[in-house]
file structure.csv (CSV, N, CA and C atoms)
chain,number,residue,atom,x,y,z
V,1,MET,N,5.8,11.6,-29.2
V,1,MET,CA,4.7,10.7,-29.0
V,1,MET,C,3.9,11.2,-27.8
V,2,ALA,N,2.6,11.2,-27.9
V,2,ALA,CA,1.8,11.7,-26.8
V,2,ALA,C,1.4,10.6,-25.9
V,3,PHE,N,1.4,10.9,-24.6
V,3,PHE,CA,0.9,9.9,-23.6
V,3,PHE,C,-0.4,10.3,-23.0
V,4,PRO,N,-1.3,9.4,-22.7
V,4,PRO,CA,-2.6,9.8,-22.1
V,4,PRO,C,-2.4,10.3,-20.7
V,5,LEU,N,-3.4,11.0,-20.2
V,5,LEU,CA,-3.4,11.5,-18.9
V,5,LEU,C,-3.8,10.4,-18.0
V,6,TYR,N,-3.2,10.4,-16.8
V,6,TYR,CA,-3.5,9.3,-15.8
V,6,TYR,C,-4.3,9.7,-14.7
V,7,SER,N,-5.1,8.8,-14.1
V,7,SER,CA,-5.9,9.1,-12.9
V,7,SER,C,-4.9,9.0,-11.7
V,8,SER,N,-5.5,9.4,-10.6
V,8,SER,CA,-4.6,9.4,-9.4
V,8,SER,C,-4.2,8.0,-8.9
V,9,THR,N,-4.8,7.0,-9.4
V,9,THR,CA,-4.5,5.6,-9.0
V,9,THR,C,-3.4,5.0,-9.9
V,10,GLN,N,-2.9,5.7,-10.9
V,10,GLN,CA,-1.9,5.3,-11.8
V,10,GLN,C,-0.7,6.1,-11.6
V,11,HIS,N,0.5,5.5,-11.7
V,11,HIS,CA,1.8,6.2,-11.6
V,11,HIS,C,2.6,5.8,-12.8
V,12,SER,N,3.5,6.7,-13.2
V,12,SER,CA,4.4,6.3,-14.3
V,12,SER,C,5.8,6.8,-14.1
V,13,SER,N,6.7,6.1,-14.6
V,13,SER,CA,8.1,6.4,-14.5
V,13,SER,C,8.8,6.2,-15.9
V,14,ILE,N,9.8,7.0,-16.2
V,14,ILE,CA,10.5,6.9,-17.4
V,14,ILE,C,11.9,6.3,-17.1
V,15,VAL,N,12.2,5.2,-17.7
V,15,VAL,CA,13.5,4.5,-17.4
V,15,VAL,C,14.3,4.5,-18.7
V,16,GLN,N,15.6,4.8,-18.6
V,16,GLN,CA,16.5,4.7,-19.7
V,16,GLN,C,17.3,3.4,-19.6
V,17,LEU,N,17.3,2.5,-20.6
V,17,LEU,CA,18.0,1.3,-20.6
V,17,LEU,C,19.1,1.3,-21.7
V,18,LYS,N,20.1,0.5,-21.4
V,18,LYS,CA,21.2,0.3,-22.4
V,18,LYS,C,21.1,-1.1,-22.8
V,19,ILE,N,20.9,-1.4,-24.1
V,19,ILE,CA,20.7,-2.7,-24.6
V,19,ILE,C,22.0,-3.1,-25.4
V,20,ILE,N,22.6,-4.2,-25.1
V,20,ILE,CA,23.8,-4.7,-25.8
V,20,ILE,C,23.4,-5.9,-26.6
V,21,SER,N,23.6,-5.9,-27.9
V,21,SER,CA,23.2,-7.1,-28.7
V,21,SER,C,24.4,-7.5,-29.6
V,22,GLY,N,24.4,-8.7,-29.9
V,22,GLY,CA,25.5,-9.3,-30.8
V,22,GLY,C,26.0,-10.6,-30.2
V,23,SER,N,26.6,-11.4,-31.1
V,23,SER,CA,27.1,-12.7,-30.6
V,23,SER,C,28.6,-12.8,-30.4
V,24,GLY,N,29.3,-11.9,-31.1
V,24,GLY,CA,30.8,-12.0,-30.9
V,24,GLY,C,31.3,-10.8,-30.2
V,25,ILE,N,32.6,-10.8,-29.9
V,25,ILE,CA,33.3,-9.7,-29.2
V,25,ILE,C,33.3,-8.5,-30.1
V,26,GLY,N,33.6,-8.6,-31.4
V,26,GLY,CA,33.7,-7.4,-32.2
V,26,GLY,C,32.4,-7.0,-32.8
V,27,SER,N,31.3,-7.8,-32.7
V,27,SER,CA,30.1,-7.4,-33.3
V,27,SER,C,29.0,-6.9,-32.4
V,28,CYS,N,29.4,-6.5,-31.2
V,28,CYS,CA,28.4,-6.0,-30.2
V,28,CYS,C,27.9,-4.6,-30.5
V,29,LYS,N,26.7,-4.4,-30.4
V,29,LYS,CA,26.1,-3.0,-30.7
V,29,LYS,C,25.3,-2.6,-29.4
V,30,THR,N,25.5,-1.4,-29.1
V,30,THR,CA,24.7,-0.8,-27.9
V,30,THR,C,23.8,0.2,-28.4
V,31,ARG,N,22.6,0.3,-27.8
V,31,ARG,CA,21.7,1.4,-28.1
V,31,ARG,C,20.9,1.7,-26.8
V,32,ASN,N,20.6,3.0,-26.7
V,32,ASN,CA,19.8,3.4,-25.5
V,32,ASN,C,18.3,3.4,-25.9
V,33,VAL,N,17.5,3.0,-25.0
V,33,VAL,CA,16.1,2.9,-25.2
V,33,VAL,C,15.4,3.6,-24.0
V,34,VAL,N,14.4,4.4,-24.3
V,34,VAL,CA,13.7,5.0,-23.2
V,34,VAL,C,12.3,4.4,-23.1
V,35,VAL,N,12.0,3.9,-22.0
V,35,VAL,CA,10.7,3.1,-21.8
V,35,VAL,C,9.9,3.8,-20.7
V,36,GLN,N,8.6,3.9,-20.9
V,36,GLN,CA,7.7,4.4,-19.9
V,36,GLN,C,7.0,3.2,-19.2
V,37,VAL,N,7.2,3.2,-17.9
V,37,VAL,CA,6.6,2.1,-17.1
V,37,VAL,C,5.4,2.6,-16.3
V,38,ARG,N,4.2,2.0,-16.5
V,38,ARG,CA,3.1,2.4,-15.7
V,38,ARG,C,2.7,1.4,-14.7
V,39,CYS,N,2.3,1.8,-13.5
V,39,CYS,CA,1.9,0.9,-12.5
V,39,CYS,C,0.4,1.4,-12.1
V,40,GLU,N,-0.4,0.4,-11.9
V,40,GLU,CA,-1.8,0.7,-11.6
V,40,GLU,C,-2.2,-0.1,-10.4
V,41,SER,N,-2.9,0.6,-9.5
V,41,SER,CA,-3.4,0.0,-8.3
V,41,SER,C,-4.5,-1.0,-8.6
V,42,LYS,N,-4.5,-2.2,-8.0
V,42,LYS,CA,-5.6,-3.2,-8.2
V,42,LYS,C,-6.8,-2.9,-7.3
V,43,GLU,N,-6.6,-2.1,-6.3
V,43,GLU,CA,-7.7,-1.8,-5.4
V,43,GLU,C,-7.9,-0.3,-5.2
V,44,PRO,N,-8.3,0.4,-6.2
V,44,PRO,CA,-8.3,1.9,-6.1
V,44,PRO,C,-9.4,2.3,-5.1
V,45,LEU,N,-10.5,1.6,-5.0
V,45,LEU,CA,-11.6,2.0,-4.2
V,45,LEU,C,-11.2,2.1,-2.7
V,46,LYS,N,-10.5,1.1,-2.2
V,46,LYS,CA,-10.2,1.0,-0.8
V,46,LYS,C,-9.2,2.2,-0.4
V,47,SER,N,-8.2,2.4,-1.3
V,47,SER,CA,-7.3,3.5,-1.1
V,47,SER,C,-7.9,4.9,-1.0
V,48,LYS,N,-8.9,5.1,-1.8
V,48,LYS,CA,-9.6,6.4,-1.9
V,48,LYS,C,-10.4,6.6,-0.6
V,49,LYS,N,-11.0,5.5,0.0
V,49,LYS,CA,-11.8,5.7,1.2
V,49,LYS,C,-11.0,5.9,2.4
V,50,LEU,N,-9.8,5.3,2.5
V,50,LEU,CA,-9.0,5.3,3.7
V,50,LEU,C,-8.0,6.5,3.6
V,51,GLU,N,-8.0,7.3,4.6
V,51,GLU,CA,-7.1,8.4,4.7
V,51,GLU,C,-6.8,8.7,6.2
V,52,VAL,N,-5.9,9.5,6.5
V,52,VAL,CA,-5.5,9.8,7.9
V,52,VAL,C,-6.8,10.3,8.6
V,53,GLY,N,-7.1,9.8,9.7
V,53,GLY,CA,-8.3,10.2,10.5
V,53,GLY,C,-9.5,9.4,10.2
V,54,SER,N,-9.5,8.5,9.2
V,54,SER,CA,-10.7,7.7,8.9
V,54,SER,C,-11.0,6.7,9.9
V,55,PRO,N,-12.2,6.5,10.3
V,55,PRO,CA,-12.5,5.4,11.3
V,55,PRO,C,-12.5,4.1,10.6
V,56,ILE,N,-12.1,3.0,11.2
V,56,ILE,CA,-12.0,1.7,10.7
V,56,ILE,C,-12.6,0.7,11.7
V,57,ILE,N,-13.0,-0.5,11.1
V,57,ILE,CA,-13.4,-1.6,12.0
V,57,ILE,C,-12.6,-2.8,11.6
V,58,VAL,N,-12.1,-3.6,12.6
V,58,VAL,CA,-11.4,-4.8,12.3
V,58,VAL,C,-12.3,-5.9,11.9
V,59,VAL,N,-12.1,-6.5,10.8
V,59,VAL,CA,-13.0,-7.6,10.3
V,59,VAL,C,-12.4,-9.0,10.6
V,60,GLU,N,-11.1,-9.1,10.7
V,60,GLU,CA,-10.4,-10.3,11.0
V,60,GLU,C,-9.2,-10.0,11.9
V,61,ALA,N,-9.0,-10.8,12.9
V,61,ALA,CA,-7.9,-10.6,13.8
V,61,ALA,C,-6.6,-11.1,13.2
V,62,PRO,N,-5.6,-10.2,13.1
V,62,PRO,CA,-4.3,-10.7,12.6
V,62,PRO,C,-3.6,-11.6,13.6
V,63,ARG,N,-2.8,-12.6,13.1
V,63,ARG,CA,-2.1,-13.5,14.0
V,63,ARG,C,-1.0,-12.8,14.7
V,64,MET,N,-0.3,-11.9,14.0
V,64,MET,CA,0.8,-11.2,14.6
V,64,MET,C,0.5,-9.7,14.4
V,65,ILE,N,0.9,-8.9,15.4
V,65,ILE,CA,0.8,-7.4,15.3
V,65,ILE,C,2.1,-6.8,15.7
V,66,LYS,N,2.3,-5.6,15.1
V,66,LYS,CA,3.5,-4.8,15.3
V,66,LYS,C,3.1,-3.5,15.9
V,67,THR,N,3.8,-3.1,16.9
V,67,THR,CA,3.5,-1.8,17.5
V,67,THR,C,4.0,-0.7,16.6
V,68,ALA,N,3.4,0.5,16.6
V,68,ALA,CA,3.8,1.6,15.7
V,68,ALA,C,4.7,2.6,16.4
V,69,ALA,N,5.5,2.1,17.4
V,69,ALA,CA,6.4,2.9,18.2
V,69,ALA,C,7.7,3.2,17.3
V,70,SER,N,8.5,4.1,17.8
V,70,SER,CA,9.8,4.4,17.1
V,70,SER,C,10.6,3.1,17.0
V,71,VAL,N,10.6,2.3,18.0
V,71,VAL,CA,11.2,0.9,18.0
V,71,VAL,C,10.1,-0.1,18.0
V,72,PRO,N,9.6,-0.6,16.8
V,72,PRO,CA,8.5,-1.4,16.8
V,72,PRO,C,8.8,-2.8,17.4
V,73,CYS,N,7.7,-3.4,18.0
V,73,CYS,CA,7.8,-4.7,18.6
V,73,CYS,C,6.8,-5.6,18.0
V,74,LEU,N,7.2,-6.8,17.4
V,74,LEU,CA,6.3,-7.7,16.8
V,74,LEU,C,5.9,-8.7,17.9
V,75,VAL,N,4.6,-8.9,18.1
V,75,VAL,CA,4.1,-9.8,19.1
V,75,VAL,C,2.9,-10.6,18.6
V,76,VAL,N,2.7,-11.8,19.2
V,76,VAL,CA,1.6,-12.7,18.8
V,76,VAL,C,0.3,-12.0,19.3
V,77,ASN,N,-0.7,-12.0,18.5
V,77,ASN,CA,-1.9,-11.4,18.9
V,77,ASN,C,-2.7,-12.4,19.7
V,78,SER,N,-2.6,-12.3,21.0
V,78,SER,CA,-3.2,-13.2,22.0
V,78,SER,C,-4.5,-12.5,22.5
V,79,GLY,N,-5.4,-12.1,21.6
V,79,GLY,CA,-6.6,-11.4,22.0
V,79,GLY,C,-6.5,-9.9,22.2
V,80,LEU,N,-5.4,-9.3,21.8
V,80,LEU,CA,-5.3,-7.9,21.9
V,80,LEU,C,-6.2,-7.1,20.9
V,81,VAL,N,-6.1,-7.6,19.6
V,81,VAL,CA,-6.9,-7.0,18.5
V,81,VAL,C,-7.9,-8.1,18.1
V,82,ASN,N,-9.2,-7.8,18.2
V,82,ASN,CA,-10.3,-8.7,17.9
V,82,ASN,C,-11.2,-8.2,16.8
V,83,PRO,N,-11.9,-9.1,16.0
V,83,PRO,CA,-12.9,-8.6,15.1
V,83,PRO,C,-13.9,-7.7,15.8
V,84,GLY,N,-14.3,-6.6,15.2
V,84,GLY,CA,-15.2,-5.7,15.8
V,84,GLY,C,-14.6,-4.5,16.5
V,85,ASP,N,-13.3,-4.6,16.7
V,85,ASP,CA,-12.6,-3.4,17.3
V,85,ASP,C,-12.6,-2.2,16.4
V,86,VAL,N,-12.8,-1.0,16.9
V,86,VAL,CA,-12.8,0.2,16.0
V,86,VAL,C,-11.6,1.0,16.4
V,87,GLY,N,-11.1,1.8,15.4
V,87,GLY,CA,-10.0,2.6,15.6
V,87,GLY,C,-10.0,3.7,14.5
V,88,ARG,N,-8.9,4.5,14.5
V,88,ARG,CA,-8.7,5.5,13.5
V,88,ARG,C,-7.3,5.4,12.8
V,89,ILE,N,-7.3,5.7,11.5
V,89,ILE,CA,-6.0,5.7,10.8
V,89,ILE,C,-5.1,6.8,11.3
V,90,VAL,N,-3.9,6.5,11.6
V,90,VAL,CA,-2.9,7.5,12.0
V,90,VAL,C,-2.0,7.9,10.9
V,91,SER,N,-1.5,6.9,10.1
V,91,SER,CA,-0.7,7.1,9.0
V,91,SER,C,-0.6,6.0,8.1
V,92,ARG,N,-0.1,6.2,6.9
V,92,ARG,CA,0.0,5.2,5.8
V,92,ARG,C,1.4,4.7,5.7
V,93,LYS,N,1.6,3.4,5.6
V,93,LYS,CA,2.9,2.8,5.5
V,93,LYS,C,3.0,2.1,4.1
V,94,PRO,N,4.2,1.7,3.7
V,94,PRO,CA,4.2,1.0,2.4
V,94,PRO,C,3.5,-0.3,2.4
V,95,MET,N,3.1,-0.8,1.2
V,95,MET,CA,2.5,-2.1,1.0
V,95,MET,C,1.2,-2.3,1.7
V,96,ASP,N,0.3,-1.3,1.7
V,96,ASP,CA,-1.1,-1.4,2.3
V,96,ASP,C,-1.0,-1.7,3.8
V,97,VAL,N,0.0,-1.2,4.4
V,97,VAL,CA,0.0,-1.3,5.9
V,97,VAL,C,-0.3,0.1,6.5
V,98,TRP,N,-1.1,0.1,7.5
V,98,TRP,CA,-1.6,1.3,8.1
V,98,TRP,C,-1.3,1.3,9.6
V,99,ALA,N,-1.0,2.5,10.1
V,99,ALA,CA,-0.8,2.7,11.5
V,99,ALA,C,-2.2,3.0,12.0
V,100,VAL,N,-2.8,2.2,12.9
V,100,VAL,CA,-4.1,2.3,13.4
V,100,VAL,C,-4.1,2.5,14.9
V,101,ARG,N,-4.8,3.6,15.4
V,101,ARG,CA,-4.9,3.8,16.8
V,101,ARG,C,-6.1,3.1,17.3
V,102,LEU,N,-5.9,2.1,18.2
V,102,LEU,CA,-7.0,1.4,18.8
V,102,LEU,C,-7.1,1.8,20.3
V,103,ALA,N,-8.0,1.3,21.0
V,103,ALA,CA,-8.2,1.6,22.4
V,103,ALA,C,-7.0,1.1,23.2
V,104,ILE,N,-6.3,0.0,22.7
V,104,ILE,CA,-5.2,-0.5,23.5
V,104,ILE,C,-3.8,0.0,23.0
V,105,GLY,N,-3.8,0.9,22.0
V,105,GLY,CA,-2.5,1.4,21.5
V,105,GLY,C,-2.5,1.6,20.0
V,106,THR,N,-1.4,2.0,19.4
V,106,THR,CA,-1.3,2.2,18.0
V,106,THR,C,-0.5,1.0,17.4
V,107,TYR,N,-1.0,0.4,16.4
V,107,TYR,CA,-0.4,-0.8,15.8
V,107,TYR,C,-0.4,-0.7,14.3
V,108,LEU,N,0.6,-1.4,13.7
V,108,LEU,CA,0.7,-1.4,12.2
V,108,LEU,C,-0.1,-2.6,11.8
V,109,ILE,N,-1.1,-2.4,11.0
V,109,ILE,CA,-2.0,-3.5,10.6
V,109,ILE,C,-2.2,-3.5,9.1
V,110,ASP,N,-2.1,-4.6,8.5
V,110,ASP,CA,-2.3,-4.8,7.0
V,110,ASP,C,-3.8,-4.4,6.7
V,111,GLY,N,-4.0,-3.8,5.5
V,111,GLY,CA,-5.3,-3.4,5.1
V,111,GLY,C,-6.3,-4.5,4.9
V,112,LYS,N,-5.9,-5.7,4.7
V,112,LYS,CA,-6.8,-6.8,4.6
V,112,LYS,C,-7.5,-7.2,5.8
V,113,TYR,N,-7.1,-6.7,7.0
V,113,TYR,CA,-7.7,-7.1,8.3
V,113,TYR,C,-8.7,-6.1,8.7
V,114,PHE,N,-9.0,-5.0,8.0
V,114,PHE,CA,-10.0,-4.1,8.4
V,114,PHE,C,-10.6,-3.4,7.2
V,115,LYS,N,-11.7,-2.7,7.5
V,115,LYS,CA,-12.4,-2.0,6.4
V,115,LYS,C,-12.9,-0.7,7.0
V,116,PRO,N,-13.1,0.3,6.1
V,116,PRO,CA,-13.6,1.6,6.6
V,116,PRO,C,-14.9,1.5,7.3
V,117,LEU,N,-15.0,2.2,8.4
V,117,LEU,CA,-16.3,2.2,9.2
V,117,LEU,C,-17.1,3.3,8.6
V,118,GLU,N,-18.3,2.9,8.1
V,118,GLU,CA,-19.2,3.9,7.5
V,118,GLU,C,-20.1,4.4,8.6
V,119,LEU,N,-20.0,5.7,9.0
V,119,LEU,CA,-20.8,6.3,10.0
V,119,LEU,C,-22.0,7.0,9.3
V,120,GLU,N,-23.2,6.9,9.9
V,120,GLU,CA,-24.4,7.5,9.4
V,120,GLU,C,-24.5,8.8,10.2
V,121,ASP,N,-24.9,9.9,9.4
V,121,ASP,CA,-25.1,11.2,10.1
V,121,ASP,C,-26.4,11.3,10.7

call {"tool": "encode", "arguments": {"input": "structure.csv", "output": "structure tokens"}}
result
Amino acid sequence: MAFPLYSSTQHSSIVQLKIISGSGIGSCKTRNVVVQVRCESKEPLKSKKLEVGSPIIVVEAPRMIKTAASVPCLVVNSGLVNPGDVGRIVSRKPMDVWAVRLAIGTYLIDGKYFKPLELED
């Protein structure tokens, strides 16, 4: 069976499952099934624009922020990060969380709280 080519926003994995069917002890049948699982990003445009070194602007202040230190510290955002603050992406973390270097330090911020800063040449 031929599978289509995928773009960079789609990922696939092949999983082998063992299925057991039957109602009685002596009538159980097992069979192996190979399934291809595809995952697709719901927001491919944002991921393509953001990369390490990209400038960003905070559009909404998060209630809690976590430092990006080797031993992170979760603190209440009491005016440390405000809308309009600008910074740069330092690294990408799982689940759309980014390490962002701001003027006050480097913090782990969810992608919904900022957008790419578009600089005009």

call {"tool": "closest_residue", "arguments": {"input": "structure.csv", "among": "V:Met64, V:Pro55, V:Ser78, V:Lys49", "to": "Leu119 in chain V", "atoms": "only N, CA and C atoms"}}
result
V:Pro55

call {"tool": "closest_residue", "arguments": {"input": "structure.csv", "among": "V:Arg101, V:Gly84, V:Pro116, V:Arg92", "to": "Val59 in chain V", "atoms": "all atoms listed in the file"}}
result
V:Gly84

call {"tool": "atom_distance", "arguments": {"input": "structure.csv", "atom1": "CA of Ile65 in chain V", "atom2": "atom C of Glu51 in chain V"}}
result
20.0 Å

call {"tool": "closest_residue", "arguments": {"input": "structure.csv", "among": "V:Asn82, V:Ile89, V:Asp96, V:Glu118", "to": "Ala61 in chain V", "atoms": "only C-alpha atoms"}}
result
V:Asn82

call {"tool": "closest_residue", "arguments": {"input": "structure.csv", "among": "V:Asn32, V:Ser54, V:Thr67, V:Asn77", "to": "Tyr107 in chain V", "atoms": "all atoms listed in the file"}}
result
V:Thr67

call {"tool": "atom_distance", "arguments": {"input": "structure.csv", "atom1": "CA of Leu108 in chain V", "atom2": "atom N of Glu120 in chain V"}}
result
25.4 Å

call {"tool": "closest_residue", "arguments": {"input": "structure.csv", "among": "V:Cys73, V:Val58, V:Leu50, V:Val86", "to": "Tyr113 in chain V", "atoms": "only C-alpha atoms"}}
result
V:Val58

call {"tool": "atom_distance", "arguments": {"input": "structure.csv", "atom1": "CA of Val75 in chain V", "atom2": "CA of Val100 in chain V"}}
result
15.7 Å
